[in-house]
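Asks: I'm passing along my_file.pdb; it holds PDB, C-alpha atoms.
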```
ATOM      1  CA  ARG A   1       0.000   0.000   0.000
ATOM      2  CA  SER A   2       2.841   2.397   0.812
ATOM      3  CA  VAL A   3       4.413   1.737  -2.589
ATOM      4  CA  ARG A   4       1.135   2.506  -4.370
ATOM      5  CA  VAL A   5       0.746   5.741  -2.411
ATOM      6  CA  SER A   6       4.306   6.695  -3.395
ATOM      7  CA  VAL A   7       3.559   6.038  -7.062
ATOM      8  CA  LEU A   8       0.372   8.106  -6.965
ATOM      9  CA  GLU A   9       2.209  10.980  -5.306
ATOM     10  CA  THR A  10       4.908  10.815  -7.964
ATOM     11  CA  MET A  11       2.316  10.937 -10.771
ATOM     12  CA  LYS A  12       0.628  13.906  -9.094
ATOM     13  CA  PHE A  13       3.969  15.695  -8.887
ATOM     14  CA  ILE A  14       4.706  15.085 -12.578
ATOM     15  CA  SER A  15       1.221  16.297 -13.541
ATOM     16  CA  SER A  16       1.644  19.427 -11.440
ATOM     17  CA  VAL A  17       5.036  20.228 -12.963
ATOM     18  CA  THR A  18       3.643  19.703 -16.455
ATOM     19  CA  LEU A  19       0.651  21.972 -15.785
ATOM     20  CA  LEU A  20       2.827  24.688 -14.271
ATOM     21  CA  PHE A  21       5.217  24.520 -17.217
ATOM     22  CA  VAL A  22       2.420  24.882 -19.787
ATOM     23  CA  CYS A  23       0.834  27.778 -17.919
ATOM     24  CA  GLY A  24       4.197  29.462 -17.328
ATOM     25  CA  VAL A  25       5.234  29.361 -20.952
ATOM     26  CA  SER A  26       1.804  30.529 -22.105
ATOM     27  CA  VAL A  27       2.062  33.824 -20.228
ATOM     28  CA  SER A  28       5.775  34.405 -20.688
ATOM     29  CA  GLU A  29       7.350  36.869 -23.065
ATOM     30  CA  GLY A  30       8.870  33.905 -24.861
ATOM     31  CA  PHE A  31       5.525  33.398 -26.544
ATOM     32  CA  GLN A  32       5.919  36.680 -28.416
ATOM     33  CA  LEU A  33       7.171  36.094 -31.937
ATOM     34  CA  ASN A  34      10.561  37.441 -32.815
ATOM     35  CA  PRO A  35      10.658  36.323 -36.460
ATOM     36  CA  HIS A  36      13.924  35.123 -37.925
ATOM     37  CA  SER A  37      14.794  35.948 -41.485
ATOM     38  CA  ALA A  38      13.656  32.512 -42.597
ATOM     39  CA  SER A  39      10.236  33.067 -41.005
ATOM     40  CA  LYS A  40       9.926  36.494 -42.631
ATOM     41  CA  SER A  41      10.699  35.119 -46.055
ATOM     42  CA  LEU A  42       8.177  32.337 -45.469
ATOM     43  CA  VAL A  43       5.432  34.814 -44.609
ATOM     44  CA  ALA A  44       6.337  36.964 -47.602
ATOM     45  CA  SER A  45       6.182  33.988 -49.949
ATOM     46  CA  LYS A  46       2.764  33.009 -48.588
ATOM     47  CA  ILE A  47       1.420  36.510 -49.087
ATOM     48  CA  GLN A  48       2.848  36.720 -52.603
ATOM     49  CA  LYS A  49       1.393  33.329 -53.462
ATOM     50  CA  HIS A  50      -2.132  34.409 -52.526
ATOM     51  CA  THR A  51      -1.988  37.910 -54.022
ATOM     52  CA  THR A  52      -3.538  38.417 -57.462
ATOM     53  CA  PRO A  53      -1.266  40.603 -59.640
ATOM     54  CA  SER A  54      -2.864  43.640 -61.286
ATOM     55  CA  LYS A  55      -3.595  43.345 -65.007
ATOM     56  CA  PRO A  56      -2.843  46.059 -67.594
ATOM     57  CA  PHE A  57      -5.950  47.812 -68.906
ATOM     58  CA  PHE A  58      -5.143  46.982 -72.529
ATOM     59  CA  GLN A  59      -5.158  43.184 -72.083
ATOM     60  CA  HIS A  60      -7.411  41.199 -74.384
ATOM     61  CA  HIS A  61     -10.908  40.352 -73.317
ATOM     62  CA  HIS A  62     -10.336  36.592 -73.312
ATOM     63  CA  HIS A  63      -7.410  37.028 -70.922
ATOM     64  CA  GLN A  64      -9.725  38.886 -68.577
ATOM     65  CA  GLN A  65     -12.255  36.076 -68.817
ATOM     66  CA  GLN A  66      -9.538  33.525 -68.055
ATOM     67  CA  ALA A  67      -8.426  35.498 -65.012
ATOM     68  CA  SER A  68     -12.021  35.729 -63.828
ATOM     69  CA  ALA A  69     -12.422  31.971 -64.230
ATOM     70  CA  LEU A  70      -9.242  31.303 -62.238
ATOM     71  CA  TYR A  71     -10.381  33.679 -59.521
ATOM     72  CA  ALA A  72     -13.711  31.889 -59.306
ATOM     73  CA  VAL A  73     -11.934  28.582 -58.649
ATOM     74  CA  THR A  74      -9.731  29.956 -55.847
ATOM     75  CA  PRO A  75     -12.352  29.869 -53.026
ATOM     76  CA  GLN A  76     -13.043  26.198 -53.774
ATOM     77  CA  GLU A  77      -9.380  25.372 -53.198
ATOM     78  CA  SER A  78      -9.261  27.145 -49.841
ATOM     79  CA  PRO A  79      -9.889  25.082 -46.688
ATOM     80  CA  SER A  80     -13.465  25.146 -45.442
ATOM     81  CA  ASN A  81     -14.823  24.707 -41.937
ATOM     82  CA  GLU A  82     -16.472  21.425 -42.892
ATOM     83  CA  LEU A  83     -15.278  18.428 -40.891
ATOM     84  CA  ASP A  84     -13.225  15.988 -42.963
ATOM     85  CA  ASN A  85     -14.939  12.766 -41.943
ATOM     86  CA  GLU A  86     -12.903  10.729 -44.423
ATOM     87  CA  ALA A  87      -9.692  11.872 -42.742
ATOM     88  CA  LEU A  88     -11.037  10.926 -39.305
ATOM     89  CA  VAL A  89     -11.953   7.442 -40.529
ATOM     90  CA  LYS A  90      -8.485   6.966 -42.022
ATOM     91  CA  TYR A  91      -6.794   8.210 -38.844
ATOM     92  CA  GLY A  92      -8.745   5.768 -36.703
ATOM     93  CA  SER A  93      -8.383   2.836 -39.084
ATOM     94  CA  SER A  94      -4.633   3.408 -39.417
ATOM     95  CA  ILE A  95      -4.269   3.156 -35.636
ATOM     96  CA  GLY A  96      -6.323  -0.041 -35.690
ATOM     97  CA  ILE A  97      -4.198  -1.515 -38.487
ATOM     98  CA  GLN A  98      -0.964  -0.584 -36.752
ATOM     99  CA  MET A  99      -2.036  -1.965 -33.383
ATOM    100  CA  GLY A 100      -3.349  -5.130 -35.031
ATOM    101  CA  ILE A 101      -0.038  -5.804 -36.785
ATOM    102  CA  ILE A 102       2.056  -5.101 -33.688
ATOM    103  CA  THR A 103      -0.203  -7.169 -31.428
ATOM    104  CA  ALA A 104       0.001 -10.099 -33.848
ATOM    105  CA  LEU A 105       3.796  -9.819 -33.990
ATOM    106  CA  LEU A 106       4.131  -9.754 -30.203
ATOM    107  CA  PHE A 107       1.704 -12.666 -29.818
ATOM    108  CA  GLY A 108       3.714 -14.642 -32.366
ATOM    109  CA  LEU A 109       6.924 -13.768 -30.551
ATOM    110  CA  ASP A 110       5.456 -14.991 -27.250
ATOM    111  CA  THR A 111       4.378 -18.217 -28.928
ATOM    112  CA  LEU A 112       7.803 -18.749 -30.474
ATOM    113  CA  VAL A 113       9.655 -18.039 -27.244
ATOM    114  CA  GLY A 114       7.320 -20.337 -25.302
ATOM    115  CA  THR A 115       7.669 -23.161 -27.819
ATOM    116  CA  ILE A 116      11.451 -22.997 -27.892
ATOM    117  CA  GLY A 117      11.687 -22.454 -24.164
ATOM    118  CA  LEU A 118      13.976 -19.474 -24.637
ATOM    119  CA  GLU A 119      14.433 -16.818 -21.974
ATOM    120  CA  VAL A 120      14.768 -13.433 -23.689
ATOM    121  CA  PRO A 121      17.546 -11.381 -22.019
ATOM    122  CA  PHE A 122      17.041  -7.822 -20.819
ATOM    123  CA  PRO A 123      19.217  -6.229 -23.571
ATOM    124  CA  ALA A 124      17.176  -7.964 -26.297
ATOM    125  CA  VAL A 125      13.912  -6.646 -24.863
ATOM    126  CA  PHE A 126      15.483  -3.187 -24.605
ATOM    127  CA  ALA A 127      16.543  -3.356 -28.281
ATOM    128  CA  LEU A 128      13.079  -4.450 -29.428
ATOM    129  CA  PHE A 129      11.279  -1.585 -27.738
ATOM    130  CA  TYR A 130      13.964   0.872 -28.810
ATOM    131  CA  PHE A 131      13.126  -0.133 -32.379
ATOM    132  CA  PHE A 132       9.413   0.380 -31.698
ATOM    133  CA  SER A 133      10.141   3.764 -30.127
ATOM    134  CA  LEU A 134      11.958   5.084 -33.215
ATOM    135  CA  LYS A 135      10.409   3.088 -36.073
ATOM    136  CA  SER A 136       6.834   2.312 -35.040
ATOM    137  CA  ARG A 137       5.593   4.193 -38.130
ATOM    138  CA  THR A 138       6.791   1.202 -40.197
ATOM    139  CA  PHE A 139       3.506  -0.477 -39.272
ATOM    140  CA  ASN A 140       1.284   2.537 -40.019
ATOM    141  CA  PRO A 141      -0.256   2.809 -43.517
ATOM    142  CA  LEU A 142      -0.314   6.618 -43.513
ATOM    143  CA  ASN A 143       2.513   8.827 -44.704
ATOM    144  CA  ASN A 144       3.914   9.993 -41.358
ATOM    145  CA  GLN A 145       7.339  11.106 -42.504
ATOM    146  CA  ARG A 146       9.433  12.790 -39.807
ATOM    147  CA  PRO A 147      11.470  15.975 -40.256
ATOM    148  CA  ASP A 148      14.893  15.489 -41.841
ATOM    149  CA  LEU A 149      17.291  14.915 -38.927
ATOM    150  CA  LYS A 150      20.345  15.846 -40.996
ATOM    151  CA  LYS A 151      18.953  19.303 -41.727
ATOM    152  CA  ALA A 152      18.005  19.748 -38.076
ATOM    153  CA  VAL A 153      21.444  18.679 -36.836
ATOM    154  CA  ASN A 154      23.307  20.858 -39.333
ATOM    155  CA  GLY A 155      21.379  23.866 -38.087
ATOM    156  CA  ASP A 156      20.801  25.326 -41.557
ATOM    157  CA  ASN A 157      17.669  27.171 -42.619
ATOM    158  CA  ALA A 158      16.665  24.594 -45.226
ATOM    159  CA  PRO A 159      13.005  23.628 -44.706
ATOM    160  CA  SER A 160      11.987  20.068 -43.882
ATOM    161  CA  LYS A 161       8.558  18.567 -43.303
ATOM    162  CA  GLY A 162       7.439  19.738 -39.877
ATOM    163  CA  PHE A 163      10.525  21.928 -39.313
ATOM    164  CA  ARG A 164      11.210  25.410 -40.757
ATOM    165  CA  ASP A 165       8.490  24.890 -43.376
ATOM    166  CA  ARG A 166       6.212  27.161 -41.338
ATOM    167  CA  VAL A 167       6.522  30.153 -39.017
ATOM    168  CA  MET A 168       8.031  28.813 -35.801
ATOM    169  CA  PRO A 169       7.904  30.466 -32.347
ATOM    170  CA  SER A 170      10.989  32.436 -31.352
ATOM    171  CA  TRP A 171      11.554  30.106 -28.392
ATOM    172  CA  THR A 172      11.694  26.957 -30.575
ATOM    173  CA  PRO A 173      14.621  24.799 -29.374
ATOM    174  CA  PRO A 174      17.583  24.457 -31.760
ATOM    175  CA  GLY A 175      17.165  21.758 -34.388
ATOM    176  CA  VAL A 176      19.824  19.547 -32.828
ATOM    177  CA  THR A 177      17.691  19.299 -29.654
ATOM    178  CA  PHE A 178      15.062  17.086 -31.282
ATOM    179  CA  PRO A 179      17.246  14.142 -32.410
ATOM    180  CA  ILE A 180      19.115  14.285 -29.094
ATOM    181  CA  MET A 181      15.852  14.031 -27.166
ATOM    182  CA  TRP A 182      14.300  11.261 -29.278
ATOM    183  CA  ILE A 183      17.402   9.120 -29.789
ATOM    184  CA  LEU A 184      19.289   9.610 -26.526
ATOM    185  CA  VAL A 185      16.558  10.397 -23.982
ATOM    186  CA  ILE A 186      12.981   9.475 -24.955
ATOM    187  CA  GLY A 187      13.923   6.237 -26.745
ATOM    188  CA  PRO A 188      16.071   4.836 -23.922
ATOM    189  CA  LEU A 189      13.493   5.786 -21.279
ATOM    190  CA  ARG A 190      10.761   3.944 -23.172
ATOM    191  CA  SER A 191      12.970   0.933 -23.846
ATOM    192  CA  PHE A 192      14.404   0.533 -20.344
ATOM    193  CA  SER A 193      11.030   0.941 -18.641
ATOM    194  CA  SER A 194       9.452  -1.553 -21.079
ATOM    195  CA  ALA A 195      12.175  -4.101 -20.372
ATOM    196  CA  LEU A 196      11.509  -3.695 -16.643
ATOM    197  CA  VAL A 197       7.800  -4.347 -17.197
ATOM    198  CA  TYR A 198       8.566  -7.401 -19.350
ATOM    199  CA  MET A 199      10.734  -8.874 -16.612
ATOM    200  CA  ALA A 200       8.054  -8.183 -14.003
ATOM    201  CA  ASN A 201       4.963  -9.414 -15.893
ATOM    202  CA  GLY A 202       6.033 -13.037 -16.337
ATOM    203  CA  HIS A 203       7.964 -12.464 -19.575
ATOM    204  CA  HIS A 204       5.040 -11.651 -21.882
ATOM    205  CA  PHE A 205       5.404  -9.329 -24.874
ATOM    206  CA  CYS A 206       1.724  -9.306 -25.802
ATOM    207  CA  ASP A 207       0.720  -7.732 -22.526
ATOM    208  CA  PRO A 208      -1.916  -4.994 -22.021
ATOM    209  CA  THR A 209       0.579  -2.853 -20.123
ATOM    210  CA  LEU A 210       3.170  -2.926 -22.904
ATOM    211  CA  LEU A 211       0.437  -2.440 -25.505
ATOM    212  CA  ALA A 212      -0.470   0.826 -23.741
ATOM    213  CA  LEU A 213       2.905   2.225 -24.782
ATOM    214  CA  LEU A 214       2.475   0.952 -28.337
ATOM    215  CA  LEU A 215      -0.937   2.636 -28.511
ATOM    216  CA  HIS A 216       0.771   5.877 -27.496
ATOM    217  CA  LEU A 217       3.287   5.383 -30.325
ATOM    218  CA  SER A 218       0.508   4.641 -32.834
ATOM    219  CA  ILE A 219      -1.346   7.825 -31.937
ATOM    220  CA  GLY A 220       1.937   9.705 -32.232
ATOM    221  CA  ASP A 221       2.462   8.329 -35.739
ATOM    222  CA  VAL A 222      -0.935   9.651 -36.825
ATOM    223  CA  TRP A 223      -0.086  12.995 -35.262
ATOM    224  CA  ASN A 224       3.042  13.116 -37.427
ATOM    225  CA  THR A 225       0.834  12.698 -40.482
ATOM    226  CA  ILE A 226      -1.438  15.522 -39.362
ATOM    227  CA  ASN A 227       1.328  17.925 -38.379
ATOM    228  CA  ASN A 228       4.246  17.178 -40.698
ATOM    229  CA  THR A 229       2.763  15.741 -43.878
ATOM    230  CA  GLU A 230      -0.671  17.361 -44.083
ATOM    231  CA  LYS A 231       0.243  20.562 -42.223
ATOM    232  CA  ARG A 232      -3.122  20.756 -40.466
ATOM    233  CA  TYR A 233      -1.927  23.237 -37.846
ATOM    234  CA  GLY A 234      -5.274  23.383 -36.058
ATOM    235  CA  ALA A 235      -5.938  19.646 -35.916
ATOM    236  CA  ALA A 236      -2.371  19.101 -34.712
ATOM    237  CA  VAL A 237      -3.185  20.827 -31.398
ATOM    238  CA  PRO A 238      -5.816  18.429 -29.967
ATOM    239  CA  SER A 239      -4.046  15.441 -31.523
ATOM    240  CA  VAL A 240      -0.760  16.218 -29.747
ATOM    241  CA  LEU A 241      -2.758  16.455 -26.514
ATOM    242  CA  MET A 242      -4.077  12.963 -27.263
ATOM    243  CA  VAL A 243      -0.478  11.787 -27.700
ATOM    244  CA  SER A 244       0.386  13.287 -24.305
ATOM    245  CA  ALA A 245      -2.672  11.711 -22.663
ATOM    246  CA  ALA A 246      -1.739   8.309 -24.100
ATOM    247  CA  ALA A 247       1.791   8.729 -22.730
ATOM    248  CA  ALA A 248       0.379   9.548 -19.288
ATOM    249  CA  ASN A 249      -1.846   6.473 -19.431
ATOM    250  CA  ALA A 250       1.107   4.265 -20.411
ATOM    251  CA  ALA A 251       3.185   5.641 -17.544
ATOM    252  CA  PHE A 252       0.354   4.926 -15.111
ATOM    253  CA  GLN A 253      -0.094   1.378 -16.433
ATOM    254  CA  TYR A 254       3.652   0.774 -16.135
ATOM    255  CA  SER A 255       3.620   2.003 -12.529
ATOM    256  CA  GLN A 256       1.032  -0.652 -11.638
ATOM    257  CA  VAL A 257       3.479  -3.385 -12.683
ATOM    258  CA  ASP A 258       6.809  -1.796 -11.742
ATOM    259  CA  PRO A 259       6.767   1.543  -9.882
ATOM    260  CA  PHE A 260      10.249   2.478 -11.047
ATOM    261  CA  ALA A 261       9.329   1.774 -14.690
ATOM    262  CA  GLY A 262       6.317   4.061 -14.319
ATOM    263  CA  LYS A 263       8.487   6.862 -12.965
ATOM    264  CA  LEU A 264      10.958   6.510 -15.824
ATOM    265  CA  LEU A 265       8.268   6.594 -18.487
ATOM    266  CA  GLY A 266       6.566   9.459 -16.653
ATOM    267  CA  LEU A 267       9.635  11.636 -17.238
ATOM    268  CA  THR A 268       8.739  11.772 -20.946
ATOM    269  CA  LEU A 269       5.650  13.806 -20.030
ATOM    270  CA  VAL A 270       7.874  16.842 -19.470
ATOM    271  CA  TRP A 271       8.995  16.685 -23.097
ATOM    272  CA  PHE A 272       5.416  16.263 -24.310
ATOM    273  CA  ALA A 273       4.416  19.343 -22.317
ATOM    274  CA  VAL A 274       7.040  21.304 -24.252
ATOM    275  CA  ALA A 275       5.925  19.762 -27.558
ATOM    276  CA  SER A 276       2.256  20.515 -26.895
ATOM    277  CA  THR A 277       3.007  24.140 -26.097
ATOM    278  CA  LEU A 278       5.193  24.463 -29.198
ATOM    279  CA  ILE A 279       2.474  23.030 -31.462
ATOM    280  CA  ALA A 280      -0.180  25.323 -29.960
ATOM    281  CA  ASP A 281       1.995  28.398 -30.467
ATOM    282  CA  THR A 282       2.853  27.321 -34.028
ATOM    283  CA  TRP A 283      -0.872  27.116 -34.777
ATOM    284  CA  ARG A 284      -1.278  30.648 -33.416
ATOM    285  CA  LEU A 285       1.471  32.002 -35.673
ATOM    286  CA  ASN A 286       0.277  30.382 -38.906
ATOM    287  CA  PRO A 287      -3.149  31.701 -39.908
ATOM    288  CA  ASP A 288      -4.524  30.991 -43.359
ATOM    289  CA  PRO A 289      -2.825  33.524 -45.701
ATOM    290  CA  SER A 290      -6.002  33.999 -47.769
ATOM    291  CA  THR A 291      -8.351  34.688 -44.838
ATOM    292  CA  GLY A 292      -6.093  35.681 -41.952
ATOM    293  CA  GLU A 293      -7.956  33.234 -39.706
ATOM    294  CA  ARG A 294      -6.444  30.315 -37.811
ATOM    295  CA  ASP A 295      -7.244  26.784 -38.867
ATOM    296  CA  PRO A 296     -10.081  25.030 -37.018
ATOM    297  CA  LEU A 297      -9.004  22.607 -34.317
ATOM    298  CA  TYR A 298     -10.164  19.656 -36.393
ATOM    299  CA  PRO A 299      -9.408  18.348 -39.911
ATOM    300  CA  VAL A 300     -11.370  20.179 -42.597
ATOM    301  CA  THR A 301     -12.118  19.514 -46.242
ATOM    302  CA  GLY A 302     -10.642  21.539 -49.084
ATOM    303  CA  GLY A 303      -7.200  23.056 -49.375
ATOM    304  CA  GLU A 304      -4.055  21.086 -50.074
ATOM    305  CA  SER A 305      -4.364  18.642 -47.153
ATOM    306  CA  LYS A 306      -5.544  15.189 -48.168
ATOM    307  CA  THR A 307      -5.260  12.056 -46.059
ATOM    308  CA  GLU A 308      -4.051   9.049 -48.036
ATOM    309  CA  PHE A 309      -2.815   5.555 -47.265
ATOM    310  CA  SER A 310       0.756   5.598 -48.544
ATOM    311  CA  TRP A 311       0.824   1.801 -48.715
ATOM    312  CA  PHE A 312      -1.773   1.875 -51.475
ATOM    313  CA  ASN A 313      -0.580   5.038 -53.199
ATOM    314  CA  SER A 314       1.600   4.465 -56.248
ATOM    315  CA  SER A 315       2.944   8.037 -56.336
ATOM    316  CA  PRO A 316       6.303   8.434 -54.531
ATOM    317  CA  GLN A 317       6.386  10.205 -51.202
ATOM    318  CA  GLU A 318       8.280  13.440 -50.911
TER     319      GLU A 318
END
```
How does the structure come out when it is put into structure tokens?
Replies:
Amino acid sequence: RSVRVSVLETMKFISSVTLLFVCGVSVSEGFQLNPHSASKSLVASKIQKHTTPSKPFFQHHHHQQQASALYAVTPQESPSNELDNEALVKYGSSIGIQMGIITALLFGLDTLVGTIGLEVPFPAVFALFYFFSLKSRTFNPLNNQRPDLKKAVNGDNAPSKGFRDRVMPSWTPPGVTFPIMWILVIGPLRSFSSALVYMANGHHFCDPTLLALLLHLSIGDVWNTINNTEKRYGAAVPSVLMVSAAAANAAFQYSQVDPFAGKLLGLTLVWFAVASTLIADTWRLNPDPSTGERDPLYPVTGGESKTEFSWFNSSPQE
């Protein structure tokens, strides 16, 4: 009972720190945009793209008709406020497909290990979940391409999907921070805590507790599609909160099996608090250039964003 009370107190502390961090950053001066030259050029290009150039008075009549026809098509290409139900169905089904494949693989691995009578060592379990932590998108049918790590590490201003291809807050961490966090901090924390749970749950891979982490990863993969590939800045805000909530649930589930594993996985919530605040501020700084209004907080029809299953799409991904 004392151990459970300690775990609950630890989770309350982490939640309190996360809440204070989000509130503190929201009211700080760091939220005020101090645009870099790359951000200024990005805004200028967006404005130029959506500005109709003036036509000389002596142009032919058919040119004027053509311009009028093009102008009439423009509103249809702009995002609407209509909910994109097709996108929601594909998001949900992609999570189901990914979880189904991973669950089947883990069940098969349990069966194989049990048949052979092999005891999987701690380092092997660590390596397996480290792979899941960094490459879980392999099992997701959507195009959830991550930002280019090389461009982020080099620190140049070259845009990459989800990084420097939009106006970023002035307090955005340096590009090198992201690969360091995912590869050297978040990944090891997930892997080590998962290995602890595996050793404590009777050596079962296909376990509801471990699947809670994999559900968190699956939701995160869909969020990458929304934020990086489709650039739905509004829909990215509630979806990153869902990623954070799934991480909190996984940490709680881990704590029920191994309190120390729950504490380790709970540390990742600090990073997700930063990520959630960054995504919310990015949404604030990127209104629609044609209307000046921010995107709705849900996927909408129209515009350039279209949700597709990359597994069944013959066109190459960018």
Asks: So which one's closest to A:Trp283, A:Ser305, A:Asn227, A:Ser310, A:Gln253? Using all atoms listed in the file, please.
Replies: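 Closest residue, counting all atoms listed in the file: A:Asn227.
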Asks: Neighbours of A:Gln98 within 12 Å (only C-alpha atoms; same-chain residues fewer than 5 positions away dropped), as a VMD selection string?
Replies: chain A and resid 90 to 93 103 to 105 132 135 to 142 211 214 to 222
Asks: For the residues in that selection, give me C-alpha atoms as a PDB file, in the frame of the given file.
Replies:
```
ATOM      1  CA  LYS A  90      -8.485   6.966 -42.022  1.00  0.00           C
ATOM      2  CA  TYR A  91      -6.794   8.210 -38.844  1.00  0.00           C
ATOM      3  CA  GLY A  92      -8.745   5.768 -36.703  1.00  0.00           C
ATOM      4  CA  SER A  93      -8.383   2.836 -39.084  1.00  0.00           C
ATOM      5  CA  THR A 103      -0.203  -7.169 -31.428  1.00  0.00           C
ATOM      6  CA  ALA A 104       0.001 -10.099 -33.848  1.00  0.00           C
ATOM      7  CA  LEU A 105       3.796  -9.819 -33.990  1.00  0.00           C
ATOM      8  CA  PHE A 132       9.413   0.380 -31.698  1.00  0.00           C
ATOM      9  CA  LYS A 135      10.409   3.088 -36.073  1.00  0.00           C
ATOM     10  CA  SER A 136       6.834   2.312 -35.040  1.00  0.00           C
ATOM     11  CA  ARG A 137       5.593   4.193 -38.130  1.00  0.00           C
ATOM     12  CA  THR A 138       6.791   1.202 -40.197  1.00  0.00           C
ATOM     13  CA  PHE A 139       3.506  -0.477 -39.272  1.00  0.00           C
ATOM     14  CA  ASN A 140       1.284   2.537 -40.019  1.00  0.00           C
ATOM     15  CA  PRO A 141      -0.256   2.809 -43.517  1.00  0.00           C
ATOM     16  CA  LEU A 142      -0.314   6.618 -43.513  1.00  0.00           C
ATOM     17  CA  LEU A 211       0.437  -2.440 -25.505  1.00  0.00           C
ATOM     18  CA  LEU A 214       2.475   0.952 -28.337  1.00  0.00           C
ATOM     19  CA  LEU A 215      -0.937   2.636 -28.511  1.00  0.00           C
ATOM     20  CA  HIS A 216       0.771   5.877 -27.496  1.00  0.00           C
ATOM     21  CA  LEU A 217       3.287   5.383 -30.325  1.00  0.00           C
ATOM     22  CA  SER A 218       0.508   4.641 -32.834  1.00  0.00           C
ATOM     23  CA  ILE A 219      -1.346   7.825 -31.937  1.00  0.00           C
ATOM     24  CA  GLY A 220       1.937   9.705 -32.232  1.00  0.00           C
ATOM     25  CA  ASP A 221       2.462   8.329 -35.739  1.00  0.00           C
ATOM     26  CA  VAL A 222      -0.935   9.651 -36.825  1.00  0.00           C
TER      27      VAL A 222
END
```
Asks: Given the point (6.5, 3.7, -13.4) in the coordinates of this file, which residues lie within 10 Å, counting all atoms listed in the file, and how would they look as a PyMOL selection string?
Replies: chain A and resi 7-8+10-11+193-194+196-197+250-267
Asks: Out of A:Leu213, A:Val274, A:Val300, A:Leu112, which residue has the shortest atom-to-atom distance to A:Ala246 when counting only C-alpha atoms?
Replies: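 Nearest to A:Ala246: A:Leu213.
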Asks: Can you list, as a PyMOL selection string, the residues that the PyMOL selection byres ((chain A and resi 186-192) around 7) selects here?
Replies: chain A and resi 126+129-130+133-134+181-185+193-196+264-265+268
Asks: How many Å separate atom CA of A:Gly108 from atom CA of A:His203?
Replies: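 So the answer is 13.7 Å.
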Asks: Please write out, as AutoDock Vina command-line options, where the centre of an axis-aligned box around all listed atoms of stretch 222-225 of chain A lies and how long its edges are, in Å to one decimal, after adding 5 Å on each side.
Replies:
```
--center_x 1.1 --center_y 11.4 --center_z -37.9 --size_x 14.0 --size_y 13.5 --size_z 15.2
```
Asks: Can you tell me how far atom CA of A:Leu297 sits from atom CA of A:Pro238, in Å to one decimal?
Replies: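 Result for atom CA of A:Leu297 versus atom CA of A:Pro238: 6.8 Å, one decimal.
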Asks: Could you check how far atom CA of A:Lys231 sits from atom CA of A:Asn85, in Å to one decimal?
Replies: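 These two atoms are separated by 17.1 Å.
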